[in-house]
Every structure is written in C-alpha cells, then in structure tokens.
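Participant: As input, take work-v9.txt (compact mmCIF, C-alpha atoms and all ligand atoms):
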```
# COMPACT_ATOMS: atom_id res chain seq x y z
CA MET A 22 -3.18 -27.51 73.75
CA LYS A 23 0.19 -29.02 72.97
CA LEU A 24 -1.51 -32.29 72.06
CA GLN A 25 -3.93 -30.50 69.79
CA ILE A 26 -1.08 -28.81 67.96
CA ILE A 27 0.72 -32.13 67.54
CA ALA A 28 -2.48 -33.79 66.30
CA LEU A 29 -3.12 -30.94 63.88
CA THR A 30 0.44 -31.08 62.57
CA VAL A 31 0.25 -34.84 62.03
CA PHE A 32 -3.16 -34.53 60.38
CA CYS A 33 -2.02 -31.73 58.03
CA ALA A 34 1.19 -33.56 57.13
CA LEU A 35 -0.58 -36.81 56.26
CA PRO A 36 -1.66 -36.00 52.70
CA LEU A 37 1.92 -35.01 51.93
CA LEU A 38 3.40 -38.34 52.98
CA ALA A 39 4.38 -40.09 49.82
CA GLN A 40 3.12 -43.61 49.22
CA LYS A 41 2.30 -46.01 46.46
CA PHE A 42 -0.98 -45.42 44.67
CA THR A 43 -2.96 -48.37 45.96
CA GLY A 44 -5.68 -50.40 44.31
CA LEU A 45 -4.43 -49.95 40.72
CA ALA A 46 -3.54 -53.62 40.16
CA LEU A 47 -5.83 -55.73 42.32
CA THR A 48 -5.49 -58.39 39.63
CA PRO A 49 -2.36 -58.76 37.46
CA PRO A 50 -2.13 -55.94 34.86
CA MET A 51 -2.98 -56.92 31.27
CA GLY A 52 -1.86 -55.16 28.14
CA TRP A 53 0.79 -54.97 25.45
CA ASN A 54 4.41 -53.81 25.41
CA SER A 55 6.44 -52.93 22.33
CA TRP A 56 9.83 -54.39 23.29
CA ASN A 57 9.68 -58.14 22.57
CA LYS A 58 8.63 -57.72 18.96
CA PHE A 59 9.71 -54.23 17.93
CA GLY A 60 12.70 -53.37 20.13
CA CYS A 61 13.78 -49.81 19.41
CA ASP A 62 11.63 -49.61 16.29
CA VAL A 63 8.75 -47.66 17.89
CA ASN A 64 6.77 -44.73 16.51
CA GLU A 65 3.30 -43.25 16.83
CA GLU A 66 1.83 -45.14 13.87
CA LEU A 67 2.82 -48.46 15.42
CA ILE A 68 1.33 -47.49 18.76
CA LYS A 69 -1.92 -46.25 17.21
CA ASP A 70 -2.19 -49.35 15.00
CA THR A 71 -1.61 -51.50 18.08
CA ALA A 72 -4.34 -49.68 20.00
CA ASP A 73 -6.72 -50.16 17.05
CA ALA A 74 -5.81 -53.85 16.84
CA MET A 75 -6.20 -54.35 20.56
CA VAL A 76 -9.82 -53.32 20.23
CA ALA A 77 -10.56 -55.00 16.85
CA SER A 78 -9.02 -58.37 17.77
CA GLY A 79 -11.07 -58.69 20.97
CA LEU A 80 -8.12 -58.28 23.32
CA LEU A 81 -9.70 -55.26 25.02
CA ASP A 82 -12.90 -57.24 25.60
CA ALA A 83 -10.84 -60.09 27.03
CA GLY A 84 -9.27 -57.72 29.59
CA TYR A 85 -6.15 -56.27 27.96
CA GLN A 86 -5.90 -52.59 28.73
CA TYR A 87 -2.42 -51.05 28.80
CA VAL A 88 -0.55 -50.04 25.64
CA VAL A 89 3.03 -49.60 26.81
CA ILE A 90 5.83 -48.03 24.76
CA ASP A 91 9.10 -49.51 25.95
CA ASP A 92 12.59 -48.12 25.31
CA CYS A 93 13.52 -45.66 22.55
CA TRP A 94 10.59 -43.21 22.49
CA HIS A 95 12.77 -40.50 24.00
CA GLY A 96 14.06 -37.35 22.44
CA GLU A 97 16.10 -34.74 24.32
CA ARG A 98 15.35 -32.82 27.49
CA ASP A 99 14.23 -29.24 26.90
CA SER A 100 16.10 -26.23 28.34
CA LEU A 101 14.26 -26.68 31.66
CA GLY A 102 15.10 -30.37 31.83
CA PHE A 103 11.70 -31.79 30.84
CA ILE A 104 11.96 -34.93 28.73
CA GLN A 105 10.45 -34.77 25.23
CA ALA A 106 9.39 -37.54 22.88
CA ASP A 107 11.53 -38.13 19.80
CA PRO A 108 10.01 -35.55 17.41
CA GLU A 109 10.57 -37.70 14.33
CA ARG A 110 9.06 -40.87 15.72
CA PHE A 111 6.29 -39.14 17.65
CA PRO A 112 5.55 -35.92 15.70
CA SER A 113 2.13 -35.43 17.33
CA GLY A 114 3.61 -35.71 20.82
CA MET A 115 2.79 -37.92 23.77
CA ARG A 116 -0.27 -36.03 24.98
CA ALA A 117 -1.99 -36.56 21.61
CA LEU A 118 -1.02 -40.23 21.62
CA ALA A 119 -2.37 -40.68 25.14
CA ASP A 120 -5.63 -39.01 24.09
CA TYR A 121 -5.89 -41.39 21.11
CA ILE A 122 -5.35 -44.42 23.34
CA HIS A 123 -7.74 -43.20 26.04
CA ALA A 124 -10.46 -42.50 23.48
CA LYS A 125 -10.40 -46.22 22.64
CA GLY A 126 -11.03 -47.17 26.26
CA LEU A 127 -7.39 -48.21 26.71
CA LYS A 128 -4.63 -47.01 29.01
CA PHE A 129 -1.24 -45.58 28.17
CA GLY A 130 2.11 -46.81 29.44
CA ILE A 131 5.66 -45.59 29.07
CA TYR A 132 9.20 -46.65 29.98
CA SER A 133 12.14 -45.10 31.75
CA ASP A 134 15.22 -46.15 33.68
CA ALA A 135 16.55 -45.42 37.16
CA GLY A 136 20.03 -44.83 35.76
CA TRP A 137 21.38 -41.95 33.71
CA LYS A 138 20.66 -43.77 30.47
CA THR A 139 18.14 -46.43 29.49
CA CYS A 140 19.31 -49.88 28.39
CA ALA A 141 19.23 -48.68 24.77
CA GLY A 142 21.14 -45.48 25.64
CA ARG A 143 18.27 -42.96 25.75
CA PRO A 144 18.05 -40.38 28.58
CA GLY A 145 17.33 -42.04 31.95
CA SER A 146 15.52 -40.51 34.91
CA ARG A 147 18.43 -40.35 37.36
CA GLY A 148 18.39 -36.85 38.88
CA TYR A 149 15.16 -36.01 37.00
CA GLU A 150 12.72 -38.28 38.80
CA PHE A 151 10.25 -35.64 40.00
CA GLN A 152 10.39 -33.75 36.71
CA ASP A 153 9.86 -36.89 34.66
CA ALA A 154 6.95 -37.98 36.84
CA ARG A 155 5.33 -34.56 36.36
CA GLN A 156 5.80 -34.81 32.62
CA TYR A 157 4.24 -38.31 32.51
CA ALA A 158 1.31 -37.08 34.58
CA ARG A 159 0.79 -34.13 32.20
CA TRP A 160 0.87 -36.46 29.24
CA GLY A 161 -1.79 -38.72 30.78
CA VAL A 162 0.42 -41.74 31.43
CA ASP A 163 -1.21 -44.61 33.38
CA TYR A 164 1.67 -47.11 33.67
CA LEU A 165 5.44 -46.73 34.08
CA LYS A 166 7.97 -49.49 33.53
CA TYR A 167 11.19 -48.47 35.26
CA ASP A 168 14.37 -50.24 34.17
CA TRP A 169 17.74 -50.71 35.85
CA CYS A 170 20.53 -50.18 33.30
CA ASN A 171 23.36 -47.71 33.99
CA THR A 172 22.55 -47.40 37.69
CA GLU A 173 26.12 -47.54 39.01
CA HIS A 174 26.26 -47.17 42.82
CA LEU A 175 22.51 -46.69 43.19
CA ASN A 176 20.65 -48.66 45.84
CA ALA A 177 17.72 -50.39 44.15
CA ARG A 178 15.21 -49.98 46.93
CA GLY A 179 16.13 -46.31 47.34
CA ALA A 180 16.01 -45.58 43.62
CA TYR A 181 12.60 -47.19 43.17
CA LEU A 182 11.34 -45.44 46.30
CA THR A 183 12.41 -42.09 44.85
CA MET A 184 10.43 -42.70 41.68
CA ARG A 185 7.43 -43.96 43.65
CA ASP A 186 7.47 -40.72 45.66
CA ALA A 187 7.88 -38.66 42.49
CA LEU A 188 4.85 -40.35 40.90
CA TYR A 189 2.82 -39.75 44.02
CA ALA A 190 3.85 -36.09 44.15
CA ALA A 191 2.84 -35.66 40.49
CA GLY A 192 -0.66 -36.67 41.57
CA ARG A 193 -1.75 -38.98 38.73
CA PRO A 194 -2.36 -42.63 39.68
CA ILE A 195 0.21 -44.60 37.67
CA VAL A 196 0.89 -48.34 37.86
CA PHE A 197 4.57 -48.70 38.76
CA SER A 198 6.40 -51.66 37.20
CA LEU A 199 9.82 -52.40 38.70
CA CYS A 200 12.30 -53.90 36.26
CA GLU A 201 15.58 -54.77 37.96
CA TRP A 202 15.41 -58.42 36.87
CA GLY A 203 15.18 -59.81 40.40
CA ASN A 204 18.82 -58.86 41.11
CA ASN A 205 18.00 -57.21 44.44
CA GLN A 206 15.15 -59.50 45.51
CA PRO A 207 12.43 -56.87 45.01
CA TRP A 208 9.79 -59.30 46.33
CA LEU A 209 11.29 -58.60 49.79
CA TRP A 210 10.86 -54.81 49.62
CA GLY A 211 8.74 -53.93 46.60
CA ARG A 212 5.26 -54.40 48.01
CA ASN A 213 4.82 -50.80 49.16
CA ILE A 214 6.77 -49.37 46.25
CA GLY A 215 5.42 -50.90 43.05
CA HIS A 216 2.56 -52.96 41.66
CA LEU A 217 4.76 -55.56 39.95
CA TRP A 218 8.42 -56.48 39.79
CA ARG A 219 10.41 -58.49 37.32
CA ILE A 220 11.85 -61.67 38.79
CA SER A 221 14.14 -62.61 35.89
CA GLY A 222 16.30 -61.40 33.07
CA ASP A 223 14.67 -60.94 29.67
CA ILE A 224 12.55 -63.63 28.07
CA GLY A 225 13.51 -64.83 24.57
CA VAL A 226 11.54 -66.56 21.83
CA VAL A 227 12.47 -70.01 23.10
CA PHE A 228 10.57 -72.55 25.16
CA ASP A 229 13.51 -74.39 26.67
CA GLY A 230 16.94 -72.82 26.50
CA GLU A 231 19.22 -69.87 27.02
CA ILE A 232 20.13 -67.34 24.33
CA LYS A 233 23.57 -65.90 24.98
CA HIS A 234 24.26 -62.27 24.08
CA ASP A 235 27.35 -60.19 24.72
CA GLY A 236 27.65 -60.50 28.54
CA TRP A 237 23.99 -61.38 29.25
CA SER A 238 21.41 -64.01 28.40
CA SER A 239 17.76 -64.12 27.57
CA TRP A 240 15.79 -67.06 28.84
CA GLY A 241 13.30 -69.68 27.76
CA VAL A 242 9.84 -70.11 29.22
CA LEU A 243 10.88 -73.17 31.27
CA GLN A 244 14.01 -71.44 32.55
CA ILE A 245 11.98 -68.48 33.82
CA ILE A 246 9.41 -70.78 35.47
CA ASP A 247 12.25 -72.58 37.26
CA MET A 248 14.37 -69.53 38.08
CA ARG A 249 12.85 -68.48 41.39
CA GLN A 250 11.75 -70.99 43.94
CA ASN A 251 9.73 -70.11 47.00
CA ILE A 252 8.71 -66.56 46.21
CA ARG A 253 5.03 -67.19 45.58
CA GLN A 254 4.13 -65.94 49.07
CA TYR A 255 5.33 -62.45 48.12
CA ALA A 256 2.79 -61.96 45.32
CA GLY A 257 -0.82 -60.88 45.73
CA PRO A 258 -3.35 -58.18 44.86
CA ASP A 259 -1.53 -54.93 43.96
CA HIS A 260 1.97 -56.50 44.16
CA TRP A 261 2.85 -59.18 41.61
CA ASN A 262 5.86 -61.28 40.67
CA ASP A 263 6.51 -60.54 36.97
CA PRO A 264 8.12 -63.31 34.89
CA ASP A 265 8.35 -60.86 31.93
CA MET A 266 6.23 -59.92 28.95
CA MET A 267 4.89 -62.71 26.78
CA GLU A 268 6.34 -64.13 23.57
CA VAL A 269 3.04 -65.66 22.44
CA GLY A 270 2.73 -65.16 18.66
CA ASN A 271 6.42 -64.39 18.18
CA GLY A 272 7.54 -67.68 16.63
CA MET A 273 7.22 -70.57 19.06
CA SER A 274 4.92 -73.47 18.15
CA VAL A 275 1.22 -73.29 19.02
CA ASN A 276 1.74 -75.93 21.73
CA GLN A 277 4.59 -73.95 23.24
CA ASP A 278 2.63 -70.69 23.10
CA ARG A 279 -0.32 -72.36 24.79
CA ALA A 280 1.91 -73.80 27.52
CA HIS A 281 3.66 -70.42 27.99
CA PHE A 282 0.34 -68.58 28.29
CA SER A 283 -1.21 -71.17 30.61
CA MET A 284 1.75 -71.11 32.96
CA TRP A 285 1.73 -67.30 33.07
CA CYS A 286 -1.93 -67.57 34.10
CA MET A 287 -1.09 -70.18 36.74
CA LEU A 288 1.66 -67.91 38.09
CA ALA A 289 -0.77 -64.96 38.40
CA ALA A 290 1.64 -63.13 36.09
CA PRO A 291 0.98 -59.75 34.49
CA LEU A 292 -0.28 -60.63 31.00
CA MET A 293 1.55 -58.24 28.70
CA ALA A 294 1.34 -59.39 25.09
CA GLY A 295 4.62 -58.83 23.25
CA ASN A 296 3.67 -59.65 19.66
CA ASP A 297 2.43 -57.71 16.62
CA LEU A 298 -1.27 -57.27 17.36
CA SER A 299 -1.95 -56.10 13.81
CA ASP A 300 -0.75 -59.38 12.36
CA MET A 301 -1.90 -62.35 14.43
CA THR A 302 -2.84 -65.87 13.40
CA GLN A 303 -6.19 -67.15 14.65
CA GLU A 304 -4.30 -69.52 16.97
CA THR A 305 -2.50 -66.59 18.58
CA VAL A 306 -5.77 -64.69 19.08
CA ASP A 307 -7.39 -67.82 20.51
CA ILE A 308 -4.58 -68.28 23.01
CA LEU A 309 -4.38 -64.65 24.12
CA THR A 310 -8.15 -64.36 24.52
CA ASN A 311 -8.97 -67.65 26.23
CA ARG A 312 -11.26 -66.19 28.86
CA GLU A 313 -11.29 -69.23 31.09
CA ALA A 314 -7.49 -69.25 31.25
CA ILE A 315 -7.51 -65.49 31.81
CA ALA A 316 -10.00 -65.98 34.65
CA VAL A 317 -7.42 -68.20 36.36
CA ASP A 318 -4.83 -65.43 36.07
CA GLN A 319 -7.27 -62.74 37.16
CA ASP A 320 -8.79 -64.69 40.04
CA SER A 321 -9.62 -62.36 42.91
CA LEU A 322 -7.58 -64.28 45.50
CA GLY A 323 -4.41 -63.47 43.57
CA ILE A 324 -2.54 -66.60 44.68
CA GLN A 325 0.30 -67.96 42.58
CA ALA A 326 0.24 -71.65 41.70
CA LEU A 327 2.38 -74.18 43.55
CA ASN A 328 4.37 -76.96 41.95
CA HIS A 329 2.71 -80.08 43.36
CA SER A 330 4.83 -82.72 41.64
CA SER A 331 7.31 -83.34 38.83
CA GLN A 332 7.62 -86.79 37.35
CA ASP A 333 8.90 -88.04 34.01
CA SER A 334 9.18 -84.42 32.76
CA VAL A 335 5.54 -83.62 33.61
CA ASP A 336 4.97 -80.92 36.24
CA VAL A 337 1.62 -80.71 37.98
CA TRP A 338 0.73 -77.23 39.24
CA PHE A 339 -2.19 -76.28 41.49
CA LYS A 340 -3.58 -72.75 41.94
CA PRO A 341 -6.20 -72.03 44.61
CA LEU A 342 -9.07 -69.95 43.26
CA ALA A 343 -11.98 -68.11 44.81
CA HIS A 344 -15.08 -70.03 46.01
CA GLY A 345 -13.13 -73.22 46.70
CA ASP A 346 -12.15 -73.82 43.05
CA TRP A 347 -8.68 -74.93 41.94
CA ALA A 348 -6.85 -74.59 38.64
CA VAL A 349 -4.62 -77.53 37.72
CA CYS A 350 -2.01 -77.52 34.98
CA PHE A 351 -0.10 -80.51 33.63
CA LEU A 352 3.01 -79.13 31.93
CA ASN A 353 4.97 -81.39 29.61
CA ARG A 354 8.57 -80.17 29.66
CA ASP A 355 9.63 -82.84 27.19
CA VAL A 356 9.36 -82.71 23.39
CA VAL A 357 7.71 -86.13 23.27
CA ALA A 358 4.07 -86.79 24.16
CA LYS A 359 3.24 -88.26 27.57
CA ALA A 360 0.35 -90.39 28.74
CA ILE A 361 -1.27 -88.81 31.79
CA ASN A 362 -3.06 -90.99 34.28
CA PHE A 363 -3.68 -88.91 37.36
CA VAL A 364 -5.34 -90.76 40.21
CA TRP A 365 -6.81 -87.91 42.21
CA ALA A 366 -7.56 -90.10 45.21
CA ASP A 367 -3.81 -90.63 45.70
CA HIS A 368 -3.21 -86.88 46.05
CA GLN A 369 -3.51 -84.30 48.74
CA VAL A 370 -2.57 -80.68 48.09
CA VAL A 371 -1.65 -78.48 51.02
CA ASP A 372 -1.09 -74.79 50.39
CA ASP A 373 0.28 -73.03 53.46
CA VAL A 374 0.40 -69.67 51.69
CA ALA A 375 -3.31 -69.66 50.88
CA ASP A 376 -4.22 -71.77 53.90
CA ARG A 377 -6.04 -74.20 51.61
CA LYS A 378 -6.00 -77.96 51.52
CA VAL A 379 -7.64 -80.59 49.39
CA THR A 380 -7.73 -84.35 49.97
CA PHE A 381 -9.18 -85.88 46.82
CA ALA A 382 -9.90 -89.19 48.54
CA ASP A 383 -12.50 -87.31 50.63
CA GLU A 384 -13.73 -84.58 48.27
CA ASN A 385 -15.23 -84.63 44.81
CA TYR A 386 -14.81 -81.89 42.19
CA SER A 387 -16.20 -81.41 38.71
CA ILE A 388 -13.49 -80.94 36.07
CA ARG A 389 -13.51 -78.53 33.13
CA ASP A 390 -10.80 -78.58 30.46
CA LEU A 391 -9.98 -74.91 29.79
CA TRP A 392 -8.49 -75.45 26.31
CA ALA A 393 -10.93 -78.10 25.05
CA LYS A 394 -13.60 -75.91 26.70
CA LYS A 395 -15.68 -78.79 27.95
CA ALA A 396 -16.53 -80.78 31.07
CA VAL A 397 -14.35 -83.86 31.49
CA GLY A 398 -15.78 -85.74 34.46
CA THR A 399 -15.08 -85.59 38.16
CA THR A 400 -12.17 -86.21 40.47
CA ASP A 401 -13.63 -89.44 41.85
CA LYS A 402 -12.25 -91.19 38.77
CA PRO A 403 -8.65 -91.04 37.47
CA PHE A 404 -7.93 -88.46 34.77
CA SER A 405 -6.40 -89.94 31.62
CA ALA A 406 -5.20 -88.04 28.56
CA GLN A 407 -2.45 -87.75 25.98
CA LEU A 408 -0.30 -84.66 26.53
CA PRO A 409 1.73 -83.55 23.47
CA GLY A 410 5.32 -82.37 23.84
CA HIS A 411 5.85 -78.83 25.20
CA ASP A 412 2.15 -78.46 25.88
CA VAL A 413 -0.29 -78.31 28.76
CA ILE A 414 -3.62 -79.60 29.92
CA MET A 415 -5.26 -76.93 32.04
CA LEU A 416 -8.24 -77.79 34.20
CA ARG A 417 -10.59 -76.01 36.55
CA LEU A 418 -11.96 -77.97 39.49
CA ARG A 419 -15.19 -76.94 41.19
CA PRO A 420 -16.48 -78.46 44.44
CA MET A 421 -19.44 -80.78 43.80
CA ASN A 422 -21.37 -79.85 46.91
C1 LIG B 501 15.86 -54.34 29.57
C2 LIG B 501 14.48 -54.83 30.03
C3 LIG B 501 13.65 -55.18 28.79
C4 LIG B 501 13.53 -53.96 27.89
C5 LIG B 501 14.91 -53.44 27.50
C6 LIG B 501 14.83 -52.11 26.78
O1 LIG B 501 16.58 -55.36 28.97
O2 LIG B 501 14.60 -55.93 30.87
O3 LIG B 501 12.38 -55.65 29.17
O4 LIG B 501 12.81 -52.96 28.57
O5 LIG B 501 15.73 -53.26 28.66
O6 LIG B 501 16.09 -51.62 26.43
```
If you took the structure in this file and wrote it as structure tokens, what would it be?
Ligand code: GLA

Facilitator:
Amino acid sequence: MKLQIIALTVFCALPLLAQKFTGLALTPPMGWNSWNKFGCDVNEELIKDTADAMVASGLLDAGYQYVVIDDCWHGERDSLGFIQADPERFPSGMRALADYIHAKGLKFGIYSDAGWKTCAGRPGSRGYEFQDARQYARWGVDYLKYDWCNTEHLNARGAYLTMRDALYAAGRPIVFSLCEWGNNQPWLWGRNIGHLWRISGDIGVVFDGEIKHDGWSSWGVLQIIDMRQNIRQYAGPDHWNDPDMMEVGNGMSVNQDRAHFSMWCMLAAPLMAGNDLSDMTQETVDILTNREAIAVDQDSLGIQALNHSSQDSVDVWFKPLAHGDWAVCFLNRDVVAKAINFVWADHQVVDDVADRKVTFADENYSIRDLWAKKAVGTTDKPFSAQLPGHDVIMLRLRPMN
C-alpha cells in the first residue's frame, strides 16, 4: 500500500517537473535577428517587411524560419507587472505581429535579459521570469534569446534554469537561446537548459580583427573561430555552440562573407542572418541560400568540424556527415591568394568525438565543390586549386563504394 502511494505520488508529480522542451532544435536553428543590422531601431514595419522578404527571397525555402526581434522592443510593465511592447514602435501589439509571422509559415522570436535591465537599458526579466514567460506564450513566441547584462550577483546556471522552468510552466514550446557570451562556460551545464548558447562576445562587421568599444570589444570572424578550443564535443542535436549571428551582407567582401558562412556551416552553428533581408545583393542571397552548404550545417549527425591542420595561413577543417560523408573546408586566413595542393593519400583524419576515421591512402571518395557546385574528381588524386585571400573552398566527400 505504502509503495503504491509512493508510486502514485511520483507518477502524479512527474508532469510538474520542469525541464527543457526537447526536440525543438535537432539541427541548428535558422532564421534572422534584428540586432546586427538594426540595433535598437526596431518596429513592426521592419519585422513585417523582414518576414515578407524572408519568404520572397527564398530564405524560407532554404530553411530559415525564425524572425527574432532583439533588444529594444519593450515598453513598460502594466499595473500587474506584465511586460508590454513599446506602443509607438509596435502599435498593433505582439500577438498581431506573431499572427502575421505565423501566417507566412515562419516562427516568431523575442529577446530578454536575465538581469534587471537589458543591455540597451530596457526592462529585464529578473524577478519577472514566470510572468514574462507566460506573456511570451500568450503572444505566440517560439524562440527566446536571453541576454546577460545587468545581472550583478546572479549565478548564470541558476538564472538560466529559472527561465527554462518558467518557459516550461508557461506550456508553449519555445527554443531557448542562452546569451552570456561564454563567460560561465555554458557548454558544461547548458545542455539540459537551452538549445543553444553563445560562446563569444559580439561579432562585428570584420573578418580579421577586434573592434574596441567603451570597455568591451566586438570580434572578427577569425577571432570567433579561434576563441574556443576543444568545445566541439559539447555540441549536438538540441544543444549547440553559438558563435553569434551572421554578418553576411553587412559590408564585408563577397569572399569574406562566403568564408564566414561556410565556417558557420562547418561549425554546425545556428544560422541567424543579421542583414537587411529587404535589400540584398544577389551575391548575398546566393551565399545565404547555398543549399549544399546549408546541408552541411544541418546534417543530422550534428557534429562540429575539427581543425585538421593549419599551414601557411590555410586551415583545413573536416566535418563528419551522415552516411559516411565528410565536409572539408580550406580556409585562407591571409589576404593573399594561396595555391592548394592537397595530397589526400598523405592524410588520415581521426575524430574521437564522432568515433570516425578516414585514411585516404586506403579509401576513395568522390569530391563535390559546394560553391562551384560541380564534381571535382576523387581523393585518389591530389586536389589542386587557387584559393583567393579571405576565402574558402568547401568540398563534400562521398564514399565511392
Ligand atoms: C548583447 C548581445 C547582443 C545583442 C545586444 C542587445 O550585446 O550579445 O547579441 O543582443 O546585447 O543589446
């Protein structure tokens, strides 16, 4: 009898136990976020135009889904403490905006902060976590980016756990994006809390360099790639390392944008466009919608690439893919062109994380160039090509037998 009561109590309590909503990000989330291009200059016209453009430009068809409003959408809390959208910027309200976005087959994302104010000084969620989560659920939010400014004395794991539990209690499945810049090593504790976590400070529109601000820096593409070593084993389906939203289309050269995008795909990074989708060059569209590169990012194994070698400013990265395939990326970190002559037979790649190994002297693969979009031979002959400065050659290898 006693046992039965205990079993019944445990059984009844189970649905109440808070947890992360699982299965929402089995491959890295793809979408758009307002911050990199528009900063605080957000309003409902911009968000609706972006949703329209996401569909019209082919980004939705290529896999982009989330339209995320970053900082500065907030108005005041009402007399009961529920957060409201800024009535001037969002006169129709968030529910109407979510409906508009959903009607296009897209998903709606929003931003808050674990501290008492957001990074741009809008109301944060500290002390209002459960109320804010309920409000987001009512509005129809599908994705929450949760920042880390003004969090004095808070414990990061505890603060993110509180918001995870609040989202769960609100009952609407919401992708939870942790944004504490890697300060507290979220890859060690974030797996059961969020679906992705930032691993760096903010990206800037620079390929190689650091942009200094008052007391903080934003970082170039190469700096972010290099920033964290040995954390690839912590990423996988439903829990991704996030090297920040993309700067493709925001002012770097086409070569640099292509290299940036390719490396984000190799790193199994969330692919959040950060440019003006209503005003894109054809080159920007072509980069963001390269389906074969996207397929590398979205591969079902969800394994981050490993840095196989670095020589004369050319990195060679390998990413194990499903069905025995591999993606390979030659990244030219230098501004001058390099001659590539890669003798496959001299290389063996051993990936302990994925438990995969390839010895090219013994195995033959067909090679497809994912930017030239054509077959370029097999690995039983050396691969030779010219690689322009700050650019990549990205290949997909497929076993021949
Ligand atoms: C932090 C985040 C950015 C952005 C801004 C908004 O810097 O890292 O991605 O959300 O705050 O203020």

Participant: Could you pull the residues within 12 Å of stretch 368-374 of chain A, counting only C-alpha atoms, minus those fewer than 3 positions along the same chain, as a PyMOL selection string?

Facilitator: chain A and resi 251-257+322-330+337-342+347+349+363-365+377-384+400-401+403

Participant: Using all atoms listed in the file, find each residue in chain A having at least one atom no more than 10 Å away from ligand LIG 501 (chain B); report its shortest atom-to-atom pair and that distance in Å (one decimal), rows by chain then rising number, as CSV.

Facilitator:
```
residue,atom,partner,partner_atom,distance
A:Asn54,CA,B:LIG501,O3,9.0
A:Ser55,CA,B:LIG501,O4,8.9
A:Trp56,CA,B:LIG501,C4,5.9
A:Asn57,CA,B:LIG501,O3,7.6
A:Gly60,CA,B:LIG501,C6,7.1
A:Cys61,CA,B:LIG501,O6,7.6
A:Ile90,CA,B:LIG501,O4,9.4
A:Asp91,CA,B:LIG501,O4,5.7
A:Asp92,CA,B:LIG501,C6,4.8
A:Cys93,CA,B:LIG501,O6,7.6
A:Tyr132,CA,B:LIG501,O4,7.4
A:Ser133,CA,B:LIG501,O4,8.5
A:Asp134,CA,B:LIG501,O5,8.7
A:Lys138,CA,B:LIG501,O6,9.9
A:Thr139,CA,B:LIG501,O6,6.4
A:Cys140,CA,B:LIG501,O6,4.2
A:Ala141,CA,B:LIG501,O6,4.6
A:Gly142,CA,B:LIG501,O6,8.0
A:Arg143,CA,B:LIG501,O6,9.0
A:Lys166,CA,B:LIG501,O4,7.8
A:Tyr167,CA,B:LIG501,O4,8.2
A:Asp168,CA,B:LIG501,C2,6.2
A:Trp169,CA,B:LIG501,C1,7.5
A:Cys170,CA,B:LIG501,C1,7.3
A:Leu199,CA,B:LIG501,O2,9.8
A:Cys200,CA,B:LIG501,O2,6.2
A:Glu201,CA,B:LIG501,O2,7.3
A:Trp202,CA,B:LIG501,O2,6.5
A:Arg219,CA,B:LIG501,O2,8.1
A:Ser221,CA,B:LIG501,O2,8.4
A:Gly222,CA,B:LIG501,O2,6.1
A:Asp223,CA,B:LIG501,O2,5.2
A:Ile224,CA,B:LIG501,O3,8.1
A:Trp237,CA,B:LIG501,O1,9.6
A:Ser238,CA,B:LIG501,O1,9.9
A:Ser239,CA,B:LIG501,O1,8.9
A:Asp265,CA,B:LIG501,O3,7.1
A:Met266,CA,B:LIG501,O3,7.5
```

Participant: From the list A:Lys233, A:Arg417, A:Arg212, A:Arg279, which residue is nearest A:Pro258 when using all atoms listed in the file?

Facilitator: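 Distance minimum relative to A:Pro258 lands on A:Arg212.
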
Participant: Here is a test: counting all atoms listed in the file, which residue of A:Ile68, A:Leu408, A:Ala187, A:Leu81 is nearest to A:Gly130?

Facilitator: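 Among the listed residues, A:Ile68 lies closest to A:Gly130.
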
Participant: When you count only C-alpha atoms, which of these residues is closest to A:Glu66: A:Met293, A:Ser299, A:Ala180, A:His234?

Facilitator: A:Ser299

Participant: I'd like the neighbourhood of A:Pro264 as a PyMOL selection string, where a residue qualifies if any of its atoms comes within 10 Å (using all atoms listed in the file), though same-chain residues fewer than 4 positions away should be ignored.

Facilitator: chain A and resi 202-203+217-224+242+245-246+248-249+285+288-292
